[in-house]
Amino acid sequence: MSISAVILPVLVLVGLTLILLFSLGSSRLSTLRAGEVKVRDIALGERVWPKRILQLQNSYQNQFELPVLFYALVALALITRKADMLFVVMSWMFVATRLVHAAIHVTSNKVSIRFMAFLVGVLILAAMWIVFAVRIFAAEAGV
């Protein structure tokens, strides 16, 4: 499997993270300029932000939770040469769940639907780790 095929889902997920970061920064700046929140009110805490800012903030922070396990797995799969077509397909499936999760998070924020996107992503990522582990240990055992 080509390196670019393996890395492209990572780049899309990084892109999502950066889009959320810039959206959050822009929204915070607009909120401050509009006088909805004062700088002194946010100096020691963040719960004074309006709901839309908190949704963006939470979605951005989520990109440093579950996706970290994905990034680590991709790096290990590349190093050990265990990334194949199945790995790439599962990577895209995981990234799709993250895109859906983030979209729900910053729009309707319906927890039940958002949780389903999260759960599907967790299951895909867990399966990816299991497949990777089996392949590593099978290779060592000569199977």
# chains A, B, ... in the order shown; residues from 1 in each chain; ligands from 1
$ residues_around --residues "A:Thr107" --least-positions-apart "3" --cutoff "9 Å" --atoms "only C-alpha atoms" --output "list of chain:residue names"
A:Arg52, A:Gln55, A:Ala102, A:Ala103, A:Ile104, A:Lys110
$ residues_around --residues "A:Val74" --least-positions-apart "3" --cutoff "8 Å" --atoms "only C-alpha atoms" --output "list in words"
Val6, Ile7, Phe70, Tyr71, Ala77, Leu78 and Ala83 of chain A
$ atom_distance --atom1 "atom CA of A:Val95" --atom2 "atom CA of A:Val12"
7.6 Å
$ closest_residue --among "A:Arg114, A:Arg135, A:Arg81, A:Arg98" --to "A:Leu13" --atoms "only C-alpha atoms"
A:Arg98
$ atom_distance --atom1 "atom CA of A:Lys82" --atom2 "atom CA of A:Glu140"
12.6 Å
$ select_by_dssp --residues "stretch 30-137 of chain A" --states "helix (DSSP H, G or I)" --output "PyMOL selection string"
chain A and resi 30-33+39-42+51-62+66-80+85-106+111-137
$ write_last_selection --atoms "C-alpha atoms" --output "JSON list (two decimals), in the first residue's frame"
[["chain", "number", "residue", "atom", "x", "y", "z"],
["A", 30, "SER", "CA", -16.15, 37.82, 17.13],
["A", 31, "THR", "CA", -17.82, 37.19, 20.48],
["A", 32, "LEU", "CA", -15.28, 39.37, 22.29],
["A", 33, "ARG", "CA", -15.59, 42.15, 19.70],
["A", 39, "VAL", "CA", -11.73, 39.35, 28.51],
["A", 40, "ARG", "CA", -11.68, 39.57, 32.32],
["A", 41, "ASP", "CA", -14.54, 37.03, 32.44],
["A", 42, "ILE", "CA", -12.61, 34.42, 30.48],
["A", 51, "LYS", "CA", -23.16, 27.76, 23.83],
["A", 52, "ARG", "CA", -21.97, 27.85, 20.18],
["A", 53, "ILE", "CA", -18.40, 28.60, 21.34],
["A", 54, "LEU", "CA", -18.50, 25.81, 23.91],
["A", 55, "GLN", "CA", -19.69, 23.38, 21.23],
["A", 56, "LEU", "CA", -16.78, 24.34, 18.97],
["A", 57, "GLN", "CA", -14.37, 24.18, 21.89],
["A", 58, "ASN", "CA", -15.54, 20.73, 22.95],
["A", 59, "SER", "CA", -15.41, 19.44, 19.38],
["A", 60, "TYR", "CA", -11.88, 20.78, 18.98],
["A", 61, "GLN", "CA", -10.77, 19.21, 22.27],
["A", 62, "ASN", "CA", -12.29, 15.88, 21.19],
["A", 66, "LEU", "CA", -9.71, 9.21, 20.42],
["A", 67, "PRO", "CA", -7.85, 10.34, 17.26],
["A", 68, "VAL", "CA", -4.55, 10.16, 19.16],
["A", 69, "LEU", "CA", -4.88, 6.36, 19.16],
["A", 70, "PHE", "CA", -5.51, 6.51, 15.41],
["A", 71, "TYR", "CA", -2.41, 8.63, 14.77],
["A", 72, "ALA", "CA", -0.28, 6.24, 16.84],
["A", 73, "LEU", "CA", -1.65, 3.23, 14.98],
["A", 74, "VAL", "CA", -0.98, 4.76, 11.57],
["A", 75, "ALA", "CA", 2.62, 5.51, 12.57],
["A", 76, "LEU", "CA", 3.13, 1.96, 13.85],
["A", 77, "ALA", "CA", 1.48, 0.42, 10.78],
["A", 78, "LEU", "CA", 3.78, 2.41, 8.50],
["A", 79, "ILE", "CA", 6.91, 1.55, 10.48],
["A", 80, "THR", "CA", 6.07, -2.16, 10.59],
["A", 85, "MET", "CA", -5.97, -2.01, 1.70],
["A", 86, "LEU", "CA", -8.05, -3.19, 4.68],
["A", 87, "PHE", "CA", -6.13, -0.77, 6.90],
["A", 88, "VAL", "CA", -6.76, 2.13, 4.51],
["A", 89, "VAL", "CA", -10.47, 1.33, 4.16],
["A", 90, "MET", "CA", -10.86, 1.11, 7.93],
["A", 91, "SER", "CA", -8.92, 4.36, 8.30],
["A", 92, "TRP", "CA", -11.37, 6.13, 6.00],
["A", 93, "MET", "CA", -14.28, 4.61, 7.92],
["A", 94, "PHE", "CA", -12.84, 5.93, 11.19],
["A", 95, "VAL", "CA", -12.21, 9.38, 9.71],
["A", 96, "ALA", "CA", -15.78, 9.46, 8.37],
["A", 97, "THR", "CA", -17.11, 8.82, 11.88],
["A", 98, "ARG", "CA", -14.95, 11.67, 13.20],
["A", 99, "LEU", "CA", -16.26, 14.04, 10.52],
["A", 100, "VAL", "CA", -19.86, 13.08, 11.33],
["A", 101, "HIS", "CA", -19.19, 13.37, 15.07],
["A", 102, "ALA", "CA", -17.70, 16.86, 14.68],
["A", 103, "ALA", "CA", -20.50, 18.00, 12.36],
["A", 104, "ILE", "CA", -23.13, 16.92, 14.87],
["A", 105, "HIS", "CA", -21.12, 18.44, 17.73],
["A", 106, "VAL", "CA", -21.00, 21.92, 16.19],
["A", 111, "VAL", "CA", -26.05, 13.62, 22.09],
["A", 112, "SER", "CA", -27.72, 10.32, 21.14],
["A", 113, "ILE", "CA", -26.77, 10.69, 17.46],
["A", 114, "ARG", "CA", -23.33, 12.08, 18.29],
["A", 115, "PHE", "CA", -22.72, 9.14, 20.63],
["A", 116, "MET", "CA", -23.59, 6.67, 17.87],
["A", 117, "ALA", "CA", -20.99, 8.27, 15.59],
["A", 118, "PHE", "CA", -18.49, 8.11, 18.45],
["A", 119, "LEU", "CA", -19.30, 4.48, 19.26],
["A", 120, "VAL", "CA", -18.99, 3.36, 15.64],
["A", 121, "GLY", "CA", -15.62, 5.13, 15.50],
["A", 122, "VAL", "CA", -14.46, 3.44, 18.69],
["A", 123, "LEU", "CA", -15.46, 0.02, 17.35],
["A", 124, "ILE", "CA", -13.68, 0.62, 14.03],
["A", 125, "LEU", "CA", -10.55, 1.84, 15.79],
["A", 126, "ALA", "CA", -10.60, -1.10, 18.21],
["A", 127, "ALA", "CA", -10.92, -3.49, 15.26],
["A", 128, "MET", "CA", -7.98, -1.76, 13.56],
["A", 129, "TRP", "CA", -5.83, -2.23, 16.66],
["A", 130, "ILE", "CA", -6.86, -5.89, 16.96],
["A", 131, "VAL", "CA", -6.07, -6.61, 13.30],
["A", 132, "PHE", "CA", -2.73, -4.82, 13.67],
["A", 133, "ALA", "CA", -1.82, -6.76, 16.83],
["A", 134, "VAL", "CA", -2.77, -10.10, 15.26],
["A", 135, "ARG", "CA", -0.64, -9.34, 12.21],
["A", 136, "ILE", "CA", 2.35, -8.31, 14.32],
["A", 137, "PHE", "CA", 2.24, -11.41, 16.51]]
$ atom_distance --atom1 "atom CA of A:Ala138" --atom2 "atom CA of A:Asp84"
15.5 Å
$ decode --residues "stretch 64-82 of chain A" --atoms "C-alpha atoms" --output "PDB file, in the first residue's frame"
ATOM      1  CA  PHE A  64      -7.044  15.197  20.939  1.00  0.00           C
ATOM      2  CA  GLU A  65      -8.735  12.229  22.551  1.00  0.00           C
ATOM      3  CA  LEU A  66      -9.710   9.205  20.416  1.00  0.00           C
ATOM      4  CA  PRO A  67      -7.847  10.337  17.261  1.00  0.00           C
ATOM      5  CA  VAL A  68      -4.546  10.159  19.160  1.00  0.00           C
ATOM      6  CA  LEU A  69      -4.882   6.360  19.157  1.00  0.00           C
ATOM      7  CA  PHE A  70      -5.505   6.507  15.405  1.00  0.00           C
ATOM      8  CA  TYR A  71      -2.411   8.627  14.775  1.00  0.00           C
ATOM      9  CA  ALA A  72      -0.276   6.240  16.835  1.00  0.00           C
ATOM     10  CA  LEU A  73      -1.650   3.227  14.977  1.00  0.00           C
ATOM     11  CA  VAL A  74      -0.976   4.755  11.566  1.00  0.00           C
ATOM     12  CA  ALA A  75       2.618   5.507  12.566  1.00  0.00           C
ATOM     13  CA  LEU A  76       3.126   1.956  13.849  1.00  0.00           C
ATOM     14  CA  ALA A  77       1.482   0.423  10.779  1.00  0.00           C
ATOM     15  CA  LEU A  78       3.784   2.415   8.499  1.00  0.00           C
ATOM     16  CA  ILE A  79       6.909   1.546  10.481  1.00  0.00           C
ATOM     17  CA  THR A  80       6.066  -2.164  10.592  1.00  0.00           C
ATOM     18  CA  ARG A  81       4.711  -2.250   7.028  1.00  0.00           C
ATOM     19  CA  LYS A  82       1.367  -3.614   8.182  1.00  0.00           C
TER      20      LYS A  82
END
